[in-house]
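J.: File final_0.cif below, mmCIF, C-alpha atoms:
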```cif
data_work
#
loop_
_atom_site.group_PDB
_atom_site.id
_atom_site.type_symbol
_atom_site.label_atom_id
_atom_site.label_comp_id
_atom_site.auth_asym_id
_atom_site.auth_seq_id
_atom_site.Cartn_x
_atom_site.Cartn_y
_atom_site.Cartn_z
ATOM 1 C CA MET A 7 5.290 -1.681 -31.460
ATOM 2 C CA THR A 8 2.550 -3.811 -29.898
ATOM 3 C CA GLN A 9 3.206 -6.667 -32.309
ATOM 4 C CA ALA A 10 6.945 -6.381 -31.696
ATOM 5 C CA ILE A 11 6.374 -6.892 -27.953
ATOM 6 C CA TRP A 12 4.196 -9.934 -28.620
ATOM 7 C CA LEU A 13 6.851 -11.360 -30.946
ATOM 8 C CA ALA A 14 9.584 -10.809 -28.347
ATOM 9 C CA LEU A 15 7.505 -12.602 -25.709
ATOM 10 C CA LEU A 16 6.804 -15.460 -28.118
ATOM 11 C CA VAL A 17 10.511 -15.819 -28.873
ATOM 12 C CA ALA A 18 11.279 -15.799 -25.141
ATOM 13 C CA ALA A 19 8.673 -18.529 -24.557
ATOM 14 C CA GLY A 20 10.073 -20.651 -27.390
ATOM 15 C CA GLU A 21 13.630 -20.275 -26.144
ATOM 16 C CA ALA A 22 12.552 -21.159 -22.603
ATOM 17 C CA LEU A 23 10.770 -24.303 -23.808
ATOM 18 C CA TRP A 24 13.830 -25.296 -25.836
ATOM 19 C CA THR A 25 16.136 -24.953 -22.830
ATOM 20 C CA GLY A 26 13.725 -26.608 -20.404
ATOM 21 C CA ARG A 27 12.873 -23.496 -18.383
ATOM 22 C CA TYR A 28 9.188 -24.274 -18.284
ATOM 23 C CA SER A 29 8.239 -21.771 -15.594
ATOM 24 C CA LEU A 30 9.684 -18.945 -17.709
ATOM 25 C CA ALA A 31 7.836 -20.224 -20.768
ATOM 26 C CA PHE A 32 4.604 -20.334 -18.774
ATOM 27 C CA VAL A 33 5.011 -16.759 -17.562
ATOM 28 C CA ALA A 34 5.805 -15.528 -21.085
ATOM 29 C CA LEU A 35 2.753 -17.273 -22.544
ATOM 30 C CA VAL A 36 0.496 -15.976 -19.752
ATOM 31 C CA THR A 37 1.812 -12.469 -20.411
ATOM 32 C CA ILE A 38 0.982 -12.814 -24.118
ATOM 33 C CA GLY A 39 -2.496 -14.134 -23.303
ATOM 34 C CA LEU A 40 -3.322 -11.369 -20.840
ATOM 35 C CA SER A 41 -2.058 -8.650 -23.175
ATOM 36 C CA ILE A 42 -4.020 -10.025 -26.157
ATOM 37 C CA LEU A 43 -7.233 -10.509 -24.161
ATOM 38 C CA PRO A 44 -8.252 -6.800 -24.259
ATOM 39 C CA VAL A 45 -7.999 -6.889 -28.065
ATOM 40 C CA TYR A 46 -10.552 -9.699 -28.338
ATOM 41 C CA VAL A 47 -12.788 -8.176 -25.662
ATOM 42 C CA ALA A 48 -12.824 -4.906 -27.605
ATOM 43 C CA ARG A 49 -13.670 -6.732 -30.829
ATOM 44 C CA TRP A 50 -16.410 -8.725 -29.106
ATOM 45 C CA ALA A 51 -17.923 -5.529 -27.698
ATOM 46 C CA GLN A 52 -17.375 -3.760 -31.026
ATOM 47 C CA ILE A 53 -15.323 -1.028 -29.381
ATOM 48 C CA GLN A 54 -12.622 0.840 -31.260
ATOM 49 C CA VAL A 55 -9.743 1.284 -28.820
ATOM 50 C CA PRO A 56 -7.026 3.868 -29.662
ATOM 51 C CA LYS A 57 -3.782 2.138 -30.647
ATOM 52 C CA SER A 58 -1.823 4.203 -28.141
ATOM 53 C CA PHE A 59 -4.006 2.929 -25.295
ATOM 54 C CA MET A 60 -3.706 -0.677 -26.466
ATOM 55 C CA LEU A 61 0.068 -0.295 -26.623
ATOM 56 C CA ALA A 62 0.020 1.031 -23.059
ATOM 57 C CA VAL A 63 -1.941 -2.053 -21.939
ATOM 58 C CA VAL A 64 0.531 -4.425 -23.581
ATOM 59 C CA MET A 65 3.511 -2.563 -22.125
ATOM 60 C CA PHE A 66 1.949 -2.596 -18.665
ATOM 61 C CA VAL A 67 1.191 -6.327 -18.690
ATOM 62 C CA GLY A 68 4.646 -7.133 -20.038
ATOM 63 C CA GLY A 69 6.331 -4.755 -17.623
ATOM 64 C CA THR A 70 4.462 -6.049 -14.596
ATOM 65 C CA ILE A 71 4.492 -9.799 -15.143
ATOM 66 C CA PHE A 72 7.444 -10.518 -17.405
ATOM 67 C CA LEU A 73 9.985 -7.768 -16.769
ATOM 68 C CA GLY A 74 8.916 -7.133 -13.185
ATOM 69 C CA GLU A 75 8.862 -10.718 -11.928
ATOM 70 C CA VAL A 76 10.997 -12.714 -14.385
ATOM 71 C CA ALA A 77 13.652 -10.097 -15.168
ATOM 72 C CA ASP A 78 13.521 -8.892 -11.549
ATOM 73 C CA PHE A 79 13.029 -5.240 -12.530
ATOM 74 C CA TYR A 80 11.221 -4.584 -9.243
ATOM 75 C CA ASN A 81 14.454 -5.192 -7.345
ATOM 76 C CA ARG A 82 16.842 -3.858 -9.991
ATOM 77 C CA PHE A 83 15.072 -0.508 -10.408
ATOM 78 C CA TRP A 84 13.528 1.143 -7.355
ATOM 79 C CA TRP A 85 11.139 3.190 -9.506
ATOM 80 C CA TRP A 86 9.740 0.266 -11.537
ATOM 81 C CA ASP A 87 6.922 -0.561 -9.114
ATOM 82 C CA ILE A 88 5.946 3.110 -8.910
ATOM 83 C CA ALA A 89 5.831 3.403 -12.698
ATOM 84 C CA MET A 90 3.715 0.264 -13.099
ATOM 85 C CA HIS A 91 1.181 1.143 -10.408
ATOM 86 C CA GLY A 92 1.014 4.816 -11.306
ATOM 87 C CA GLY A 93 0.567 4.131 -15.008
ATOM 88 C CA SER A 94 -2.119 1.507 -14.474
ATOM 89 C CA ALA A 95 -4.021 3.759 -12.066
ATOM 90 C CA VAL A 96 -4.070 6.567 -14.642
ATOM 91 C CA GLY A 97 -5.413 4.115 -17.213
ATOM 92 C CA PHE A 98 -8.129 2.769 -14.942
ATOM 93 C CA GLY A 99 -9.071 6.306 -13.979
ATOM 94 C CA LEU A 100 -9.646 7.069 -17.661
ATOM 95 C CA ILE A 101 -11.594 3.827 -18.130
ATOM 96 C CA GLY A 102 -13.810 4.609 -15.138
ATOM 97 C CA PHE A 103 -14.494 8.074 -16.541
ATOM 98 C CA VAL A 104 -15.410 6.731 -19.986
ATOM 99 C CA LEU A 105 -17.732 4.088 -18.511
ATOM 100 C CA VAL A 106 -19.811 6.676 -16.659
ATOM 101 C CA PHE A 107 -19.654 9.149 -19.530
ATOM 102 C CA MET A 108 -21.238 6.449 -21.713
ATOM 103 C CA MET A 109 -24.234 6.385 -19.364
ATOM 104 C CA PHE A 110 -24.833 10.033 -20.217
ATOM 105 C CA GLN A 111 -24.419 9.180 -23.919
ATOM 106 C CA GLY A 112 -21.668 11.730 -24.280
ATOM 107 C CA ASP A 113 -23.764 14.718 -23.213
ATOM 108 C CA ARG A 114 -21.205 17.029 -21.592
ATOM 109 C CA PHE A 115 -23.921 19.355 -20.356
ATOM 110 C CA ALA A 116 -25.874 16.648 -18.526
ATOM 111 C CA ALA A 117 -22.901 14.809 -17.059
ATOM 112 C CA PRO A 118 -21.887 16.186 -13.619
ATOM 113 C CA PRO A 119 -18.078 16.559 -13.906
ATOM 114 C CA ALA A 120 -17.313 16.271 -10.176
ATOM 115 C CA ALA A 121 -19.482 13.170 -9.663
ATOM 116 C CA ILE A 122 -17.992 11.383 -12.666
ATOM 117 C CA ALA A 123 -14.473 12.282 -11.568
ATOM 118 C CA VAL A 124 -15.129 10.855 -8.085
ATOM 119 C CA PHE A 125 -16.451 7.614 -9.579
ATOM 120 C CA ALA A 126 -13.466 7.345 -11.924
ATOM 121 C CA PHE A 127 -11.087 7.872 -8.994
ATOM 122 C CA CYS A 128 -12.834 5.244 -6.853
ATOM 123 C CA PHE A 129 -12.947 2.791 -9.750
ATOM 124 C CA ALA A 130 -9.194 3.024 -10.313
ATOM 125 C CA VAL A 131 -8.350 2.745 -6.603
ATOM 126 C CA ALA A 132 -10.664 -0.284 -6.267
ATOM 127 C CA ILE A 133 -8.825 -2.051 -9.102
ATOM 128 C CA GLY A 134 -5.529 -1.256 -7.382
ATOM 129 C CA ALA A 135 -6.812 -2.694 -4.096
ATOM 130 C CA MET A 136 -7.934 -5.869 -5.861
ATOM 131 C CA TRP A 137 -4.456 -6.227 -7.322
ATOM 132 C CA GLU A 138 -2.939 -6.003 -3.847
ATOM 133 C CA ILE A 139 -5.296 -8.792 -2.740
ATOM 134 C CA PHE A 140 -4.099 -10.826 -5.723
ATOM 135 C CA GLU A 141 -0.453 -10.270 -4.749
ATOM 136 C CA PHE A 142 -1.177 -11.306 -1.161
ATOM 137 C CA SER A 143 -2.999 -14.432 -2.352
ATOM 138 C CA MET A 144 -0.136 -15.466 -4.648
ATOM 139 C CA ASP A 145 2.380 -15.016 -1.846
ATOM 140 C CA GLU A 146 0.319 -16.985 0.667
ATOM 141 C CA LEU A 147 -0.820 -19.791 -1.626
ATOM 142 C CA PHE A 148 2.218 -20.328 -3.839
ATOM 143 C CA GLY A 149 5.091 -18.843 -1.868
ATOM 144 C CA PHE A 150 5.748 -15.983 -4.282
ATOM 145 C CA ASN A 151 7.287 -12.692 -3.179
ATOM 146 C CA MET A 152 5.067 -10.243 -5.026
ATOM 147 C CA GLN A 153 4.552 -8.035 -1.975
ATOM 148 C CA LYS A 154 8.287 -7.673 -1.425
ATOM 149 C CA SER A 155 8.407 -5.752 1.891
ATOM 150 C CA GLY A 156 4.865 -6.657 2.928
ATOM 151 C CA LEU A 157 2.746 -3.907 4.449
ATOM 152 C CA ARG A 158 5.109 -1.107 3.433
ATOM 153 C CA ASP A 159 5.036 -2.293 -0.198
ATOM 154 C CA THR A 160 1.242 -2.631 -0.171
ATOM 155 C CA MET A 161 0.635 0.812 1.311
ATOM 156 C CA GLY A 162 3.186 2.401 -1.005
ATOM 157 C CA ASP A 163 1.439 0.830 -3.989
ATOM 158 C CA LEU A 164 -1.968 2.063 -2.838
ATOM 159 C CA ILE A 165 -0.650 5.595 -2.335
ATOM 160 C CA VAL A 166 0.784 5.581 -5.864
ATOM 161 C CA ASP A 167 -2.522 4.155 -7.122
ATOM 162 C CA CYS A 168 -4.357 7.088 -5.558
ATOM 163 C CA GLY A 169 -2.020 9.565 -7.241
ATOM 164 C CA GLY A 170 -2.433 7.928 -10.649
ATOM 165 C CA ALA A 171 -6.205 7.642 -10.202
ATOM 166 C CA LEU A 172 -6.374 11.327 -9.324
ATOM 167 C CA LEU A 173 -4.498 12.216 -12.511
ATOM 168 C CA GLY A 174 -6.732 10.033 -14.694
ATOM 169 C CA ALA A 175 -9.964 11.242 -13.092
ATOM 170 C CA GLY A 176 -8.740 14.837 -13.157
ATOM 171 C CA SER A 177 -8.107 14.567 -16.892
ATOM 172 C CA GLY A 178 -11.701 13.426 -17.389
ATOM 173 C CA TYR A 179 -12.927 16.295 -15.237
ATOM 174 C CA ALA A 180 -10.957 18.811 -17.293
ATOM 175 C CA TYR A 181 -12.253 17.217 -20.491
ATOM 176 C CA LEU A 182 -15.867 17.693 -19.429
ATOM 177 C CA LEU A 183 -15.213 21.341 -18.591
ATOM 178 C CA GLY A 184 -13.560 21.821 -21.968
ATOM 179 C CA LYS A 185 -10.378 23.058 -20.320
ATOM 180 C CA ALA A 186 -8.005 20.414 -21.648
ATOM 181 C CA ALA A 187 -6.859 19.400 -25.113
ATOM 182 C CA GLY A 188 -4.346 16.772 -26.109
ATOM 183 C CA GLY A 189 -2.571 14.485 -23.652
ATOM 184 C CA LEU A 190 -4.884 12.284 -21.593
ATOM 185 C CA ALA A 191 -7.896 14.396 -22.494
ATOM 186 C CA GLY A 192 -6.954 13.882 -26.132
ATOM 187 C CA LEU A 193 -7.022 10.136 -25.532
ATOM 188 C CA ILE A 194 -10.580 10.445 -24.233
ATOM 189 C CA GLU A 195 -11.544 12.544 -27.253
ATOM 190 C CA ASP A 196 -10.001 9.931 -29.556
ATOM 191 C CA PHE A 197 -12.015 7.145 -27.921
ATOM 192 C CA VAL A 198 -15.259 9.126 -28.139
ATOM 193 C CA THR A 199 -14.621 9.926 -31.804
ATOM 194 C CA ARG A 200 -13.923 6.285 -32.627
ATOM 195 C CA ASN A 201 -17.066 5.031 -30.869
ATOM 196 C CA PRO A 202 -19.865 7.487 -31.736
ATOM 197 C CA ARG A 203 -22.648 4.946 -31.123
ATOM 198 C CA PHE A 204 -21.947 5.101 -27.388
ATOM 199 C CA PHE A 205 -22.067 8.903 -27.356
ATOM 200 C CA LYS A 206 -25.067 9.781 -29.517
ATOM 201 C CA LYS A 207 -26.005 12.884 -27.535
ATOM 202 C CA ARG A 208 -22.497 14.301 -27.512
ATOM 203 C CA ARG A 209 -22.413 18.026 -28.076
ATOM 204 C CA LYS A 210 -19.539 20.463 -28.336
#
```
Spell out the structure here as structure tokens.
T.:
Amino acid sequence: MTQAIWLALLVAAGEALWTGRYSLAFVALVTIGLSILPVYVARWAQIQVPKSFMLAVVMFVGGTIFLGEVADFYNRFWWWDIAMHGGSAVGFGLIGFVLVFMMFQGDRFAAPPAAIAVFAFCFAVAIGAMWEIFEFSMDELFGFNMQKSGLRDTMGDLIVDCGGALLGAGSGYAYLLGKAAGGLAGLIEDFVTRNPRFFKKRRK
């Protein structure tokens, strides 16, 4: 599925170059680059990332940049912006949880669940805030319309970010307490299993 998305973007870029729509080709190529970047970062860091999570990253980048801006999905579908921000916030909440959990080397009994959940929540919301700054900068510097309705759009995005971050952080919290299996907690378990060297003290 991931490779199919990359191929579709590559075809779109080639077709845009052939027809002289260079801005579309540029956006398609940037989308490919940004979606492939996590793969090389993971390889460089020698981290085994679950395929489902990598697919989610590719779908998010493609949905935000290519479908959202080029195909105008943000205006065509009222829920598109909510889905993109909510999904990314959940993902960053999980990433924030895993980063702190690594510091405890996977020791569930030493890691304070509430403190890690708070950090994961703040991490995800901070990333969302930085994205809003990016949107504002693009609009001001290059005349884009990424913010759409301005303040209302920004605040709506941040509220959705908070909801998604709460879900991601809450999943990590439940995982540490051993009260969740499968779903998002299963994704955390999959990551931990694939990268045992980061979680040497992990105990069940």
J.: Applying 10 Å and all atoms listed in the file, which residues near segment 163-176 of chain A remain after dropping the ones on its own chain fewer than 2 positions away? List them as a PDB file with C-alpha atoms, in the frame of the given file.
T.:
```pdb
ATOM      1  CA  ASP A  87       6.922  -0.561  -9.114  1.00  0.00           C
ATOM      2  CA  ILE A  88       5.946   3.110  -8.910  1.00  0.00           C
ATOM      3  CA  ALA A  89       5.831   3.403 -12.698  1.00  0.00           C
ATOM      4  CA  MET A  90       3.715   0.264 -13.099  1.00  0.00           C
ATOM      5  CA  HIS A  91       1.181   1.143 -10.408  1.00  0.00           C
ATOM      6  CA  GLY A  92       1.014   4.816 -11.306  1.00  0.00           C
ATOM      7  CA  GLY A  93       0.567   4.131 -15.008  1.00  0.00           C
ATOM      8  CA  SER A  94      -2.119   1.507 -14.474  1.00  0.00           C
ATOM      9  CA  ALA A  95      -4.021   3.759 -12.066  1.00  0.00           C
ATOM     10  CA  VAL A  96      -4.070   6.567 -14.642  1.00  0.00           C
ATOM     11  CA  GLY A  97      -5.413   4.115 -17.213  1.00  0.00           C
ATOM     12  CA  PHE A  98      -8.129   2.769 -14.942  1.00  0.00           C
ATOM     13  CA  GLY A  99      -9.071   6.306 -13.979  1.00  0.00           C
ATOM     14  CA  LEU A 100      -9.646   7.069 -17.661  1.00  0.00           C
ATOM     15  CA  ILE A 101     -11.594   3.827 -18.130  1.00  0.00           C
ATOM     16  CA  GLY A 102     -13.810   4.609 -15.138  1.00  0.00           C
ATOM     17  CA  PHE A 103     -14.494   8.074 -16.541  1.00  0.00           C
ATOM     18  CA  VAL A 104     -15.410   6.731 -19.986  1.00  0.00           C
ATOM     19  CA  PRO A 119     -18.078  16.559 -13.906  1.00  0.00           C
ATOM     20  CA  ALA A 120     -17.313  16.271 -10.176  1.00  0.00           C
ATOM     21  CA  ILE A 122     -17.992  11.383 -12.666  1.00  0.00           C
ATOM     22  CA  ALA A 123     -14.473  12.282 -11.568  1.00  0.00           C
ATOM     23  CA  VAL A 124     -15.129  10.855  -8.085  1.00  0.00           C
ATOM     24  CA  PHE A 125     -16.451   7.614  -9.579  1.00  0.00           C
ATOM     25  CA  ALA A 126     -13.466   7.345 -11.924  1.00  0.00           C
ATOM     26  CA  PHE A 127     -11.087   7.872  -8.994  1.00  0.00           C
ATOM     27  CA  CYS A 128     -12.834   5.244  -6.853  1.00  0.00           C
ATOM     28  CA  PHE A 129     -12.947   2.791  -9.750  1.00  0.00           C
ATOM     29  CA  ALA A 130      -9.194   3.024 -10.313  1.00  0.00           C
ATOM     30  CA  VAL A 131      -8.350   2.745  -6.603  1.00  0.00           C
ATOM     31  CA  ALA A 132     -10.664  -0.284  -6.267  1.00  0.00           C
ATOM     32  CA  ILE A 133      -8.825  -2.051  -9.102  1.00  0.00           C
ATOM     33  CA  GLY A 134      -5.529  -1.256  -7.382  1.00  0.00           C
ATOM     34  CA  ALA A 135      -6.812  -2.694  -4.096  1.00  0.00           C
ATOM     35  CA  TRP A 137      -4.456  -6.227  -7.322  1.00  0.00           C
ATOM     36  CA  GLU A 138      -2.939  -6.003  -3.847  1.00  0.00           C
ATOM     37  CA  GLN A 153       4.552  -8.035  -1.975  1.00  0.00           C
ATOM     38  CA  LEU A 157       2.746  -3.907   4.449  1.00  0.00           C
ATOM     39  CA  ARG A 158       5.109  -1.107   3.433  1.00  0.00           C
ATOM     40  CA  ASP A 159       5.036  -2.293  -0.198  1.00  0.00           C
ATOM     41  CA  THR A 160       1.242  -2.631  -0.171  1.00  0.00           C
ATOM     42  CA  MET A 161       0.635   0.812   1.311  1.00  0.00           C
ATOM     43  CA  GLY A 178     -11.701  13.426 -17.389  1.00  0.00           C
ATOM     44  CA  TYR A 179     -12.927  16.295 -15.237  1.00  0.00           C
ATOM     45  CA  ALA A 180     -10.957  18.811 -17.293  1.00  0.00           C
ATOM     46  CA  TYR A 181     -12.253  17.217 -20.491  1.00  0.00           C
ATOM     47  CA  LEU A 182     -15.867  17.693 -19.429  1.00  0.00           C
ATOM     48  CA  LEU A 190      -4.884  12.284 -21.593  1.00  0.00           C
ATOM     49  CA  ALA A 191      -7.896  14.396 -22.494  1.00  0.00           C
TER      50      ALA A 191
END
```
J.: Using only C-alpha atoms, which of the listed residues (A:Met7, A:Val47, A:Val36, A:Ala19) sits closest to Ala62 of chain A?
T.: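 Nearest candidate to Ala62 of chain A out of A:Met7, A:Val47, A:Val36, A:Ala19: A:Met7.
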J.: Could you write out as a list of chain:residue names the residues that the PyMOL selection byres ((chain A and resi 152) around 10) matches in the shown file?
T.: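 Expected selection for the PyMOL selection byres ((chain A and resi 152) around 10) here is A:Gly74, A:Glu75, A:Tyr80, A:Glu138, A:Phe140, A:Glu141, A:Phe142, A:Ser143, A:Met144, A:Asp145, A:Gly149, A:Phe150, A:Asn151, A:Gln153, A:Lys154, A:Ser155, A:Gly156, A:Asp159, A:Thr160.
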J.: Suppose you want the space between atom CA of Tyr28 of chain A and atom CA of Ala77 of chain A; what is it in Å?
T.: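 Atom CA of Ala77 of chain A lies at a distance of 15.2 Å from atom CA of Tyr28 of chain A.
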J.: Residue by residue, what does the PyMOL selection byres ((chain A and resi 35) around 10) grab here? Present the result as number ranges by chain.
T.: A: 12, 15-16, 18-20, 29-34, 36-41, 72
J.: Could you please determine the separation between atom CA of Ile139 of chain A and atom CA of Val67 of chain A in Å, to one decimal place?
T.: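 Taking atom CA of Ile139 of chain A as the start and atom CA of Val67 of chain A as the end point, the length is 17.4 Å.
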J.: My list of candidates is A:Gln9, A:Gln54, A:Gln111, A:Ser177. Which is closest to Thr199 of chain A when distances are computed with only C-alpha atoms?
T.: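 Among the listed residues, A:Gln54 lies closest to Thr199 of chain A.
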J.: Grab the atom CA of Ala51 of chain A to atom CA of Phe205 of chain A distance for me, in Å with one decimal place.
T.: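 Atom CA of Phe205 of chain A lies 15.0 Å from atom CA of Ala51 of chain A.
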J.: Could segment 163-173 of chain A be completed with all heavy atoms and returned as a compact mmCIF listing (two decimals), in the frame of the given file?
T.:
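File produced: part-v5.txt:
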```
# COMPACT_ATOMS: atom_id res chain seq x y z
N ASP A 163 2.13 1.05 -2.71
CA ASP A 163 1.44 0.83 -3.99
C ASP A 163 0.08 1.53 -4.00
O ASP A 163 -0.31 2.13 -5.01
CB ASP A 163 1.24 -0.67 -4.23
CG ASP A 163 2.55 -1.39 -4.55
OD1 ASP A 163 3.53 -0.70 -4.86
OD2 ASP A 163 2.57 -2.63 -4.49
N LEU A 164 -0.64 1.44 -2.90
CA LEU A 164 -1.97 2.06 -2.84
C LEU A 164 -1.88 3.59 -2.90
O LEU A 164 -2.74 4.24 -3.50
CB LEU A 164 -2.69 1.62 -1.56
CG LEU A 164 -3.15 0.16 -1.52
CD1 LEU A 164 -3.76 -0.18 -0.17
CD2 LEU A 164 -4.15 -0.13 -2.64
N ILE A 165 -0.84 4.14 -2.28
CA ILE A 165 -0.65 5.60 -2.34
C ILE A 165 -0.37 6.03 -3.77
O ILE A 165 -0.92 7.03 -4.26
CB ILE A 165 0.49 6.02 -1.39
CG1 ILE A 165 0.07 5.83 0.07
CG2 ILE A 165 0.88 7.48 -1.64
CD1 ILE A 165 1.20 6.02 1.07
N VAL A 166 0.49 5.27 -4.46
CA VAL A 166 0.78 5.58 -5.86
C VAL A 166 -0.47 5.42 -6.71
O VAL A 166 -0.74 6.21 -7.62
CB VAL A 166 1.92 4.67 -6.39
CG1 VAL A 166 2.10 4.86 -7.89
CG2 VAL A 166 3.22 4.98 -5.66
N ASP A 167 -1.26 4.37 -6.41
CA ASP A 167 -2.52 4.16 -7.12
C ASP A 167 -3.44 5.37 -6.99
O ASP A 167 -4.08 5.79 -7.95
CB ASP A 167 -3.23 2.91 -6.59
CG ASP A 167 -2.55 1.62 -7.00
OD1 ASP A 167 -1.77 1.65 -7.98
OD2 ASP A 167 -2.78 0.59 -6.35
N CYS A 168 -3.50 5.91 -5.79
CA CYS A 168 -4.36 7.09 -5.56
C CYS A 168 -3.87 8.28 -6.38
O CYS A 168 -4.69 9.03 -6.95
CB CYS A 168 -4.36 7.46 -4.07
SG CYS A 168 -5.32 6.32 -3.03
N GLY A 169 -2.56 8.47 -6.45
CA GLY A 169 -2.02 9.56 -7.24
C GLY A 169 -2.33 9.40 -8.73
O GLY A 169 -2.75 10.36 -9.40
N GLY A 170 -2.14 8.18 -9.25
CA GLY A 170 -2.43 7.93 -10.65
C GLY A 170 -3.91 8.05 -10.95
O GLY A 170 -4.32 8.59 -11.98
N ALA A 171 -4.75 7.54 -10.03
CA ALA A 171 -6.20 7.64 -10.20
C ALA A 171 -6.65 9.09 -10.21
O ALA A 171 -7.55 9.47 -10.98
CB ALA A 171 -6.91 6.88 -9.07
N LEU A 172 -6.04 9.91 -9.37
CA LEU A 172 -6.37 11.33 -9.32
C LEU A 172 -6.03 12.01 -10.64
O LEU A 172 -6.80 12.85 -11.14
CB LEU A 172 -5.62 11.99 -8.17
CG LEU A 172 -5.97 13.47 -7.89
CD1 LEU A 172 -7.43 13.60 -7.50
CD2 LEU A 172 -5.07 14.01 -6.79
N LEU A 173 -4.91 11.63 -11.24
CA LEU A 173 -4.50 12.22 -12.51
C LEU A 173 -5.46 11.81 -13.63
O LEU A 173 -5.89 12.64 -14.44
CB LEU A 173 -3.08 11.78 -12.86
CG LEU A 173 -2.50 12.29 -14.18
CD1 LEU A 173 -2.50 13.81 -14.22
CD2 LEU A 173 -1.09 11.75 -14.38
```
